[in-house]
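Below: work-v2.csv (CSV, N, CA and C atoms)
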chain,number,residue,atom,x,y,z
A,1,MET,N,-8.2,-42.4,-9.0
A,1,MET,CA,-8.4,-43.8,-9.1
A,1,MET,C,-7.6,-44.5,-8.0
A,2,ASP,N,-8.2,-45.5,-7.4
A,2,ASP,CA,-7.5,-46.2,-6.4
A,2,ASP,C,-6.6,-47.3,-7.0
A,3,GLY,N,-5.8,-47.9,-6.2
A,3,GLY,CA,-4.8,-48.9,-6.7
A,3,GLY,C,-5.5,-50.1,-7.2
A,4,LYS,N,-6.6,-50.5,-6.6
A,4,LYS,CA,-7.2,-51.8,-7.1
A,4,LYS,C,-7.7,-51.6,-8.5
A,5,ARG,N,-8.3,-50.5,-8.8
A,5,ARG,CA,-8.8,-50.3,-10.2
A,5,ARG,C,-7.6,-50.3,-11.2
A,6,LEU,N,-6.5,-49.7,-10.8
A,6,LEU,CA,-5.4,-49.5,-11.7
A,6,LEU,C,-4.7,-50.8,-12.0
A,7,ASN,N,-5.0,-51.8,-11.1
A,7,ASN,CA,-4.3,-53.1,-11.3
A,7,ASN,C,-5.1,-54.0,-12.3
A,8,CYS,N,-6.2,-53.6,-12.8
A,8,CYS,CA,-7.0,-54.3,-13.8
A,8,CYS,C,-6.1,-54.6,-15.0
A,9,ILE,N,-6.1,-55.8,-15.5
A,9,ILE,CA,-5.3,-56.2,-16.6
A,9,ILE,C,-6.0,-56.0,-18.0
A,10,VAL,N,-5.2,-55.4,-18.9
A,10,VAL,CA,-5.7,-55.2,-20.3
A,10,VAL,C,-4.6,-55.6,-21.3
A,11,GLU,N,-5.1,-55.9,-22.5
A,11,GLU,CA,-4.1,-56.2,-23.6
A,11,GLU,C,-4.2,-54.9,-24.4
A,12,VAL,N,-3.0,-54.4,-24.7
A,12,VAL,CA,-2.9,-53.2,-25.6
A,12,VAL,C,-2.5,-53.7,-27.0
A,13,SER,N,-3.2,-53.2,-28.0
A,13,SER,CA,-2.9,-53.6,-29.4
A,13,SER,C,-2.8,-52.3,-30.2
A,14,VAL,N,-2.1,-52.5,-31.3
A,14,VAL,CA,-2.0,-51.4,-32.3
A,14,VAL,C,-2.8,-51.8,-33.5
A,15,ASP,N,-3.6,-50.9,-34.0
A,15,ASP,CA,-4.3,-51.1,-35.3
A,15,ASP,C,-3.5,-50.7,-36.5
A,16,GLY,N,-3.3,-51.6,-37.4
A,16,GLY,CA,-2.5,-51.3,-38.5
A,16,GLY,C,-3.2,-51.8,-39.8
A,17,ALA,N,-2.5,-51.6,-40.9
A,17,ALA,CA,-3.1,-52.0,-42.2
A,17,ALA,C,-3.4,-53.5,-42.3
A,18,ASN,N,-2.7,-54.3,-41.6
A,18,ASN,CA,-3.0,-55.7,-41.6
A,18,ASN,C,-3.8,-56.2,-40.4
A,19,GLY,N,-4.5,-55.3,-39.7
A,19,GLY,CA,-5.3,-55.7,-38.6
A,19,GLY,C,-4.7,-55.3,-37.2
A,20,ARG,N,-5.2,-55.8,-36.2
A,20,ARG,CA,-4.7,-55.5,-34.8
A,20,ARG,C,-3.6,-56.4,-34.5
A,21,HIS,N,-2.5,-55.9,-33.8
A,21,HIS,CA,-1.4,-56.6,-33.4
A,21,HIS,C,-1.1,-56.3,-31.9
A,22,ALA,N,-1.0,-57.3,-31.1
A,22,ALA,CA,-0.7,-57.1,-29.7
A,22,ALA,C,0.6,-56.4,-29.4
A,23,VAL,N,0.5,-55.5,-28.5
A,23,VAL,CA,1.7,-54.8,-28.0
A,23,VAL,C,2.2,-55.5,-26.7
A,24,GLY,N,1.2,-55.7,-25.8
A,24,GLY,CA,1.5,-56.4,-24.6
A,24,GLY,C,0.3,-56.4,-23.6
A,25,ILE,N,0.5,-57.2,-22.6
A,25,ILE,CA,-0.4,-57.3,-21.5
A,25,ILE,C,0.1,-56.4,-20.3
A,26,MET,N,-0.7,-55.6,-19.8
A,26,MET,CA,-0.3,-54.7,-18.7
A,26,MET,C,-1.5,-54.3,-17.8
A,27,ASN,N,-1.2,-53.7,-16.7
A,27,ASN,CA,-2.3,-53.2,-15.9
A,27,ASN,C,-2.7,-51.8,-16.5
A,28,ALA,N,-3.9,-51.4,-16.0
A,28,ALA,CA,-4.5,-50.2,-16.6
A,28,ALA,C,-3.6,-48.9,-16.4
A,29,ARG,N,-2.9,-48.9,-15.3
A,29,ARG,CA,-2.1,-47.7,-15.0
A,29,ARG,C,-1.0,-47.6,-16.1
A,30,GLN,N,-0.3,-48.8,-16.3
A,30,GLN,CA,0.7,-48.8,-17.3
A,30,GLN,C,0.2,-48.5,-18.7
A,31,ALA,N,-1.0,-49.0,-19.0
A,31,ALA,CA,-1.6,-48.8,-20.3
A,31,ALA,C,-1.9,-47.3,-20.5
A,32,LEU,N,-2.4,-46.6,-19.5
A,32,LEU,CA,-2.8,-45.2,-19.6
A,32,LEU,C,-1.5,-44.3,-19.6
A,33,GLU,N,-0.4,-44.9,-19.2
A,33,GLU,CA,0.9,-44.1,-19.2
A,33,GLU,C,1.6,-44.2,-20.6
A,34,LEU,N,1.1,-45.0,-21.4
A,34,LEU,CA,1.7,-45.1,-22.8
A,34,LEU,C,1.4,-43.8,-23.5
A,35,PRO,N,2.2,-43.5,-24.5
A,35,PRO,CA,1.9,-42.2,-25.3
A,35,PRO,C,0.5,-42.3,-25.9
A,36,GLU,N,-0.1,-41.2,-26.1
A,36,GLU,CA,-1.4,-41.2,-26.7
A,36,GLU,C,-1.3,-41.4,-28.2
A,37,MET,N,-1.8,-42.5,-28.7
A,37,MET,CA,-1.8,-42.8,-30.1
A,37,MET,C,-3.2,-43.3,-30.5
A,38,SER,N,-3.7,-42.7,-31.5
A,38,SER,CA,-5.1,-43.1,-31.9
A,38,SER,C,-5.1,-44.6,-32.4
A,39,ARG,N,-4.0,-45.1,-32.7
A,39,ARG,CA,-4.0,-46.5,-33.2
A,39,ARG,C,-4.0,-47.6,-32.1
A,40,PHE,N,-3.8,-47.2,-30.9
A,40,PHE,CA,-3.8,-48.1,-29.8
A,40,PHE,C,-5.3,-48.5,-29.4
A,41,SER,N,-5.5,-49.7,-29.1
A,41,SER,CA,-6.8,-50.2,-28.6
A,41,SER,C,-6.5,-51.0,-27.4
A,42,TYR,N,-7.5,-51.1,-26.5
A,42,TYR,CA,-7.3,-51.8,-25.2
A,42,TYR,C,-8.5,-52.8,-25.0
A,43,THR,N,-8.2,-54.0,-24.5
A,43,THR,CA,-9.3,-54.9,-24.2
A,43,THR,C,-10.0,-54.3,-23.0
A,44,HIS,N,-11.3,-54.6,-22.9
A,44,HIS,CA,-12.1,-54.2,-21.8
A,44,HIS,C,-11.5,-54.8,-20.5
A,45,PRO,N,-11.4,-54.0,-19.4
A,45,PRO,CA,-10.9,-54.4,-18.1
A,45,PRO,C,-11.7,-55.6,-17.5
A,46,ASP,N,-13.0,-55.7,-17.8
A,46,ASP,CA,-13.8,-56.7,-17.3
A,46,ASP,C,-13.5,-58.0,-18.0
A,47,PRO,N,-13.0,-59.1,-17.4
A,47,PRO,CA,-12.6,-60.3,-18.1
A,47,PRO,C,-13.6,-60.9,-19.0
A,48,ALA,N,-14.9,-60.9,-18.6
A,48,ALA,CA,-15.9,-61.4,-19.4
A,48,ALA,C,-16.1,-60.7,-20.7
A,49,LYS,N,-16.0,-59.3,-20.6
A,49,LYS,CA,-16.1,-58.5,-21.8
A,49,LYS,C,-14.9,-58.6,-22.7
A,50,ALA,N,-13.7,-58.7,-22.1
A,50,ALA,CA,-12.5,-58.9,-22.8
A,50,ALA,C,-12.5,-60.2,-23.6
A,51,ALA,N,-13.1,-61.3,-23.0
A,51,ALA,CA,-13.2,-62.6,-23.6
A,51,ALA,C,-14.1,-62.5,-24.8
A,52,ALA,N,-15.1,-61.6,-24.7
A,52,ALA,CA,-16.1,-61.4,-25.8
A,52,ALA,C,-15.5,-60.6,-27.0
A,53,GLY,N,-14.3,-60.1,-26.8
A,53,GLY,CA,-13.6,-59.3,-27.8
A,53,GLY,C,-13.9,-57.8,-27.8
A,54,ILE,N,-14.5,-57.3,-26.7
A,54,ILE,CA,-14.8,-55.9,-26.6
A,54,ILE,C,-13.5,-55.1,-26.4
A,55,VAL,N,-13.2,-54.1,-27.2
A,55,VAL,CA,-12.1,-53.2,-27.1
A,55,VAL,C,-12.5,-51.8,-26.9
A,56,MET,N,-11.6,-51.0,-26.3
A,56,MET,CA,-11.9,-49.6,-26.1
A,56,MET,C,-10.7,-48.7,-26.6
A,57,ASP,N,-11.0,-47.5,-26.8
A,57,ASP,CA,-9.9,-46.5,-27.0
A,57,ASP,C,-9.4,-46.0,-25.7
A,58,ARG,N,-8.4,-45.1,-25.7
A,58,ARG,CA,-7.8,-44.6,-24.5
A,58,ARG,C,-8.8,-43.8,-23.7
A,59,GLN,N,-9.6,-43.0,-24.3
A,59,GLN,CA,-10.6,-42.2,-23.6
A,59,GLN,C,-11.6,-43.1,-22.9
A,60,GLU,N,-12.1,-44.1,-23.5
A,60,GLU,CA,-13.0,-45.0,-22.9
A,60,GLU,C,-12.4,-45.8,-21.8
A,61,LEU,N,-11.2,-46.2,-21.9
A,61,LEU,CA,-10.5,-46.9,-20.8
A,61,LEU,C,-10.3,-46.0,-19.6
A,62,ALA,N,-9.9,-44.7,-19.8
A,62,ALA,CA,-9.7,-43.8,-18.7
A,62,ALA,C,-11.0,-43.5,-18.1
A,63,GLY,N,-12.1,-43.3,-18.9
A,63,GLY,CA,-13.4,-43.1,-18.3
A,63,GLY,C,-13.9,-44.2,-17.5
A,64,PHE,N,-13.7,-45.4,-18.0
A,64,PHE,CA,-14.2,-46.6,-17.3
A,64,PHE,C,-13.4,-46.7,-15.9
A,65,MET,N,-12.1,-46.5,-16.0
A,65,MET,CA,-11.3,-46.6,-14.7
A,65,MET,C,-11.7,-45.5,-13.7
A,66,ALA,N,-12.1,-44.3,-14.2
A,66,ALA,CA,-12.5,-43.3,-13.3
A,66,ALA,C,-13.9,-43.6,-12.7
A,67,ARG,N,-14.7,-44.3,-13.4
A,67,ARG,CA,-16.1,-44.7,-12.8
A,67,ARG,C,-16.1,-45.9,-11.9
A,68,HIS,N,-15.1,-46.8,-12.1
A,68,HIS,CA,-15.2,-48.0,-11.3
A,68,HIS,C,-14.1,-48.1,-10.3

Could you rewrite the structure in this file as structure tokens?
Amino acid sequence: MDGKRLNCIVEVSVDGANGRHAVGIMNARQALELPEMSRFSYTHPDPAKAAAGIVMDRQELAGFMARH
């Protein structure tokens, strides 16, 4: 992955009993360096898709970043 793709901004959330709760806003590199937890979700790196509420799991985010 090149540096430009890794600088895409995502919001990381944790899914809990009371819904999704934001953990923070970070670039994709930082998000992918977080511990692997199935409860984490990530907004789509494309701003238009993120605004539409599209979220991804860690594997989907890593795959997207590898393709783009």

Give me the residues within 8 Å of range 22-37 of chain A as a short mmCIF file (atom, residue, chain, number, x, y, z; two decimals) with N, CA and C atoms, in the frame of the given file, counting only C-alpha atoms and dropping any in the same chain fewer than 5 places off.
data_model
loop_
_atom_site.label_atom_id
_atom_site.label_comp_id
_atom_site.auth_asym_id
_atom_site.auth_seq_id
_atom_site.Cartn_x
_atom_site.Cartn_y
_atom_site.Cartn_z
N ARG A 5 -8.30 -50.50 -8.80
CA ARG A 5 -8.80 -50.30 -10.20
C ARG A 5 -7.60 -50.30 -11.20
N LEU A 6 -6.50 -49.70 -10.80
CA LEU A 6 -5.40 -49.50 -11.70
C LEU A 6 -4.70 -50.80 -12.00
N ASN A 7 -5.00 -51.80 -11.10
CA ASN A 7 -4.30 -53.10 -11.30
C ASN A 7 -5.10 -54.00 -12.30
N CYS A 8 -6.20 -53.60 -12.80
CA CYS A 8 -7.00 -54.30 -13.80
C CYS A 8 -6.10 -54.60 -15.00
N ILE A 9 -6.10 -55.80 -15.50
CA ILE A 9 -5.30 -56.20 -16.60
C ILE A 9 -6.00 -56.00 -18.00
N VAL A 10 -5.20 -55.40 -18.90
CA VAL A 10 -5.70 -55.20 -20.30
C VAL A 10 -4.60 -55.60 -21.30
N GLU A 11 -5.10 -55.90 -22.50
CA GLU A 11 -4.10 -56.20 -23.60
C GLU A 11 -4.20 -54.90 -24.40
N VAL A 12 -3.00 -54.40 -24.70
CA VAL A 12 -2.90 -53.20 -25.60
C VAL A 12 -2.50 -53.70 -27.00
N SER A 13 -3.20 -53.20 -28.00
CA SER A 13 -2.90 -53.60 -29.40
C SER A 13 -2.80 -52.30 -30.20
N VAL A 14 -2.10 -52.50 -31.30
CA VAL A 14 -2.00 -51.40 -32.30
C VAL A 14 -2.80 -51.80 -33.50
N PRO A 45 -11.40 -54.00 -19.40
CA PRO A 45 -10.90 -54.40 -18.10
C PRO A 45 -11.70 -55.60 -17.50
N ARG A 58 -8.40 -45.10 -25.70
CA ARG A 58 -7.80 -44.60 -24.50
C ARG A 58 -8.80 -43.80 -23.70
N LEU A 61 -11.20 -46.20 -21.90
CA LEU A 61 -10.50 -46.90 -20.80
C LEU A 61 -10.30 -46.00 -19.60
N ALA A 62 -9.90 -44.70 -19.80
CA ALA A 62 -9.70 -43.80 -18.70
C ALA A 62 -11.00 -43.50 -18.10
N MET A 65 -12.10 -46.50 -16.00
CA MET A 65 -11.30 -46.60 -14.70
C MET A 65 -11.70 -45.50 -13.70
#

Item to check | All alpha helix (DSSP H) positions in chain A, as a VMD selection string | outcome: chain A and resid 3 to 6 28 to 33 47 to 51 58 to 67

Next on the checklist: Please return, as number ranges by chain, all residues of chain A that DSSP assigns to strand (DSSP E) on the basis of the backbone.
Outcome noted: A: 9-16, 19-27, 40-43, 55-56

May I have the selected residues written with N, CA and C atoms, as a compact mmCIF listing (two decimals), keeping the file's coordinate frame?
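And here is the file that came out, out_34.txt:
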# COMPACT_ATOMS: atom_id res chain seq x y z
N ILE A 9 -6.10 -55.80 -15.50
CA ILE A 9 -5.30 -56.20 -16.60
C ILE A 9 -6.00 -56.00 -18.00
N VAL A 10 -5.20 -55.40 -18.90
CA VAL A 10 -5.70 -55.20 -20.30
C VAL A 10 -4.60 -55.60 -21.30
N GLU A 11 -5.10 -55.90 -22.50
CA GLU A 11 -4.10 -56.20 -23.60
C GLU A 11 -4.20 -54.90 -24.40
N VAL A 12 -3.00 -54.40 -24.70
CA VAL A 12 -2.90 -53.20 -25.60
C VAL A 12 -2.50 -53.70 -27.00
N SER A 13 -3.20 -53.20 -28.00
CA SER A 13 -2.90 -53.60 -29.40
C SER A 13 -2.80 -52.30 -30.20
N VAL A 14 -2.10 -52.50 -31.30
CA VAL A 14 -2.00 -51.40 -32.30
C VAL A 14 -2.80 -51.80 -33.50
N ASP A 15 -3.60 -50.90 -34.00
CA ASP A 15 -4.30 -51.10 -35.30
C ASP A 15 -3.50 -50.70 -36.50
N GLY A 16 -3.30 -51.60 -37.40
CA GLY A 16 -2.50 -51.30 -38.50
C GLY A 16 -3.20 -51.80 -39.80
N GLY A 19 -4.50 -55.30 -39.70
CA GLY A 19 -5.30 -55.70 -38.60
C GLY A 19 -4.70 -55.30 -37.20
N ARG A 20 -5.20 -55.80 -36.20
CA ARG A 20 -4.70 -55.50 -34.80
C ARG A 20 -3.60 -56.40 -34.50
N HIS A 21 -2.50 -55.90 -33.80
CA HIS A 21 -1.40 -56.60 -33.40
C HIS A 21 -1.10 -56.30 -31.90
N ALA A 22 -1.00 -57.30 -31.10
CA ALA A 22 -0.70 -57.10 -29.70
C ALA A 22 0.60 -56.40 -29.40
N VAL A 23 0.50 -55.50 -28.50
CA VAL A 23 1.70 -54.80 -28.00
C VAL A 23 2.20 -55.50 -26.70
N GLY A 24 1.20 -55.70 -25.80
CA GLY A 24 1.50 -56.40 -24.60
C GLY A 24 0.30 -56.40 -23.60
N ILE A 25 0.50 -57.20 -22.60
CA ILE A 25 -0.40 -57.30 -21.50
C ILE A 25 0.10 -56.40 -20.30
N MET A 26 -0.70 -55.60 -19.80
CA MET A 26 -0.30 -54.70 -18.70
C MET A 26 -1.50 -54.30 -17.80
N ASN A 27 -1.20 -53.70 -16.70
CA ASN A 27 -2.30 -53.20 -15.90
C ASN A 27 -2.70 -51.80 -16.50
N PHE A 40 -3.80 -47.20 -30.90
CA PHE A 40 -3.80 -48.10 -29.80
C PHE A 40 -5.30 -48.50 -29.40
N SER A 41 -5.50 -49.70 -29.10
CA SER A 41 -6.80 -50.20 -28.60
C SER A 41 -6.50 -51.00 -27.40
N TYR A 42 -7.50 -51.10 -26.50
CA TYR A 42 -7.30 -51.80 -25.20
C TYR A 42 -8.50 -52.80 -25.00
N THR A 43 -8.20 -54.00 -24.50
CA THR A 43 -9.30 -54.90 -24.20
C THR A 43 -10.00 -54.30 -23.00
N VAL A 55 -13.20 -54.10 -27.20
CA VAL A 55 -12.10 -53.20 -27.10
C VAL A 55 -12.50 -51.80 -26.90
N MET A 56 -11.60 -51.00 -26.30
CA MET A 56 -11.90 -49.60 -26.10
C MET A 56 -10.70 -48.70 -26.60

Shell around His44 in chain A at 6 Å using all atoms listed in the file, local window under 5 positions removed, as a compact mmCIF listing (two decimals) with N, CA and C atoms, in the frame of the given file:
# COMPACT_ATOMS: atom_id res chain seq x y z
N VAL A 10 -5.20 -55.40 -18.90
CA VAL A 10 -5.70 -55.20 -20.30
C VAL A 10 -4.60 -55.60 -21.30
N LYS A 49 -16.00 -59.30 -20.60
CA LYS A 49 -16.10 -58.50 -21.80
C LYS A 49 -14.90 -58.60 -22.70
N ALA A 50 -13.70 -58.70 -22.10
CA ALA A 50 -12.50 -58.90 -22.80
C ALA A 50 -12.50 -60.20 -23.60
N ILE A 54 -14.50 -57.30 -26.70
CA ILE A 54 -14.80 -55.90 -26.60
C ILE A 54 -13.50 -55.10 -26.40
N VAL A 55 -13.20 -54.10 -27.20
CA VAL A 55 -12.10 -53.20 -27.10
C VAL A 55 -12.50 -51.80 -26.90
N MET A 56 -11.60 -51.00 -26.30
CA MET A 56 -11.90 -49.60 -26.10
C MET A 56 -10.70 -48.70 -26.60

Item to check | Two-atom distance - atom N of Pro47 in chain A, atom C of Gly63 in chain A (Å) | outcome: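 For atom N of Pro47 in chain A relative to atom C of Gly63 in chain A, the distance reads 14.9 Å.
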
Item to check | Distance in Å - atom N of Glu60 in chain A versus CA of Asn18 in chain A | outcome: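 Separating atom N of Glu60 in chain A from CA of Asn18 in chain A is a distance of 23.3 Å.
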
Checklist entry - Between CA of Arg20 in chain A and CA of His68 in chain A, what is the distance, to one decimal in Å? => result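 Separation between CA of Arg20 in chain A and CA of His68 in chain A: 26.8 Å.
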
Box in all listed atoms of range 49-55 of chain A, axis-aligned, with 3 Å more on each side; write out centre and edge lengths in Å to one decimal as AutoDock Vina command-line options.
--center_x -14.1 --center_y -57.2 --center_z -24.2 --size_x 10.0 --size_y 16.8 --size_z 13.2

Range 30-54 of chain A written out with C-alpha atoms as a short mmCIF file (atom, residue, chain, number, x, y, z; two decimals), in the first residue's frame:
data_model
loop_
_atom_site.label_atom_id
_atom_site.label_comp_id
_atom_site.auth_asym_id
_atom_site.auth_seq_id
_atom_site.Cartn_x
_atom_site.Cartn_y
_atom_site.Cartn_z
CA GLN A 30 -3.64 3.66 12.19
CA ALA A 31 -6.99 1.88 11.99
CA LEU A 32 -5.41 -1.28 10.59
CA GLU A 33 -2.75 -1.21 13.33
CA LEU A 34 -5.42 -1.48 16.04
CA PRO A 35 -5.83 -4.91 17.65
CA GLU A 36 -8.06 -7.25 15.69
CA MET A 37 -11.45 -7.16 17.37
CA SER A 38 -14.60 -8.38 15.68
CA ARG A 39 -16.56 -5.60 17.41
CA PHE A 40 -14.68 -2.83 15.53
CA SER A 41 -16.27 -1.32 12.45
CA TYR A 42 -14.82 1.31 10.12
CA THR A 43 -16.51 3.91 7.94
CA HIS A 44 -15.86 3.50 4.24
CA PRO A 45 -12.71 5.43 3.16
CA ASP A 46 -14.65 7.03 0.27
CA PRO A 47 -16.17 10.20 1.81
CA ALA A 48 -19.43 9.87 -0.16
CA LYS A 49 -19.93 6.29 1.00
CA ALA A 50 -18.99 7.18 4.57
CA ALA A 51 -21.59 9.98 4.51
CA ALA A 52 -24.16 7.40 3.38
CA GLY A 53 -23.39 5.36 6.51
CA ILE A 54 -21.53 2.49 4.84
#
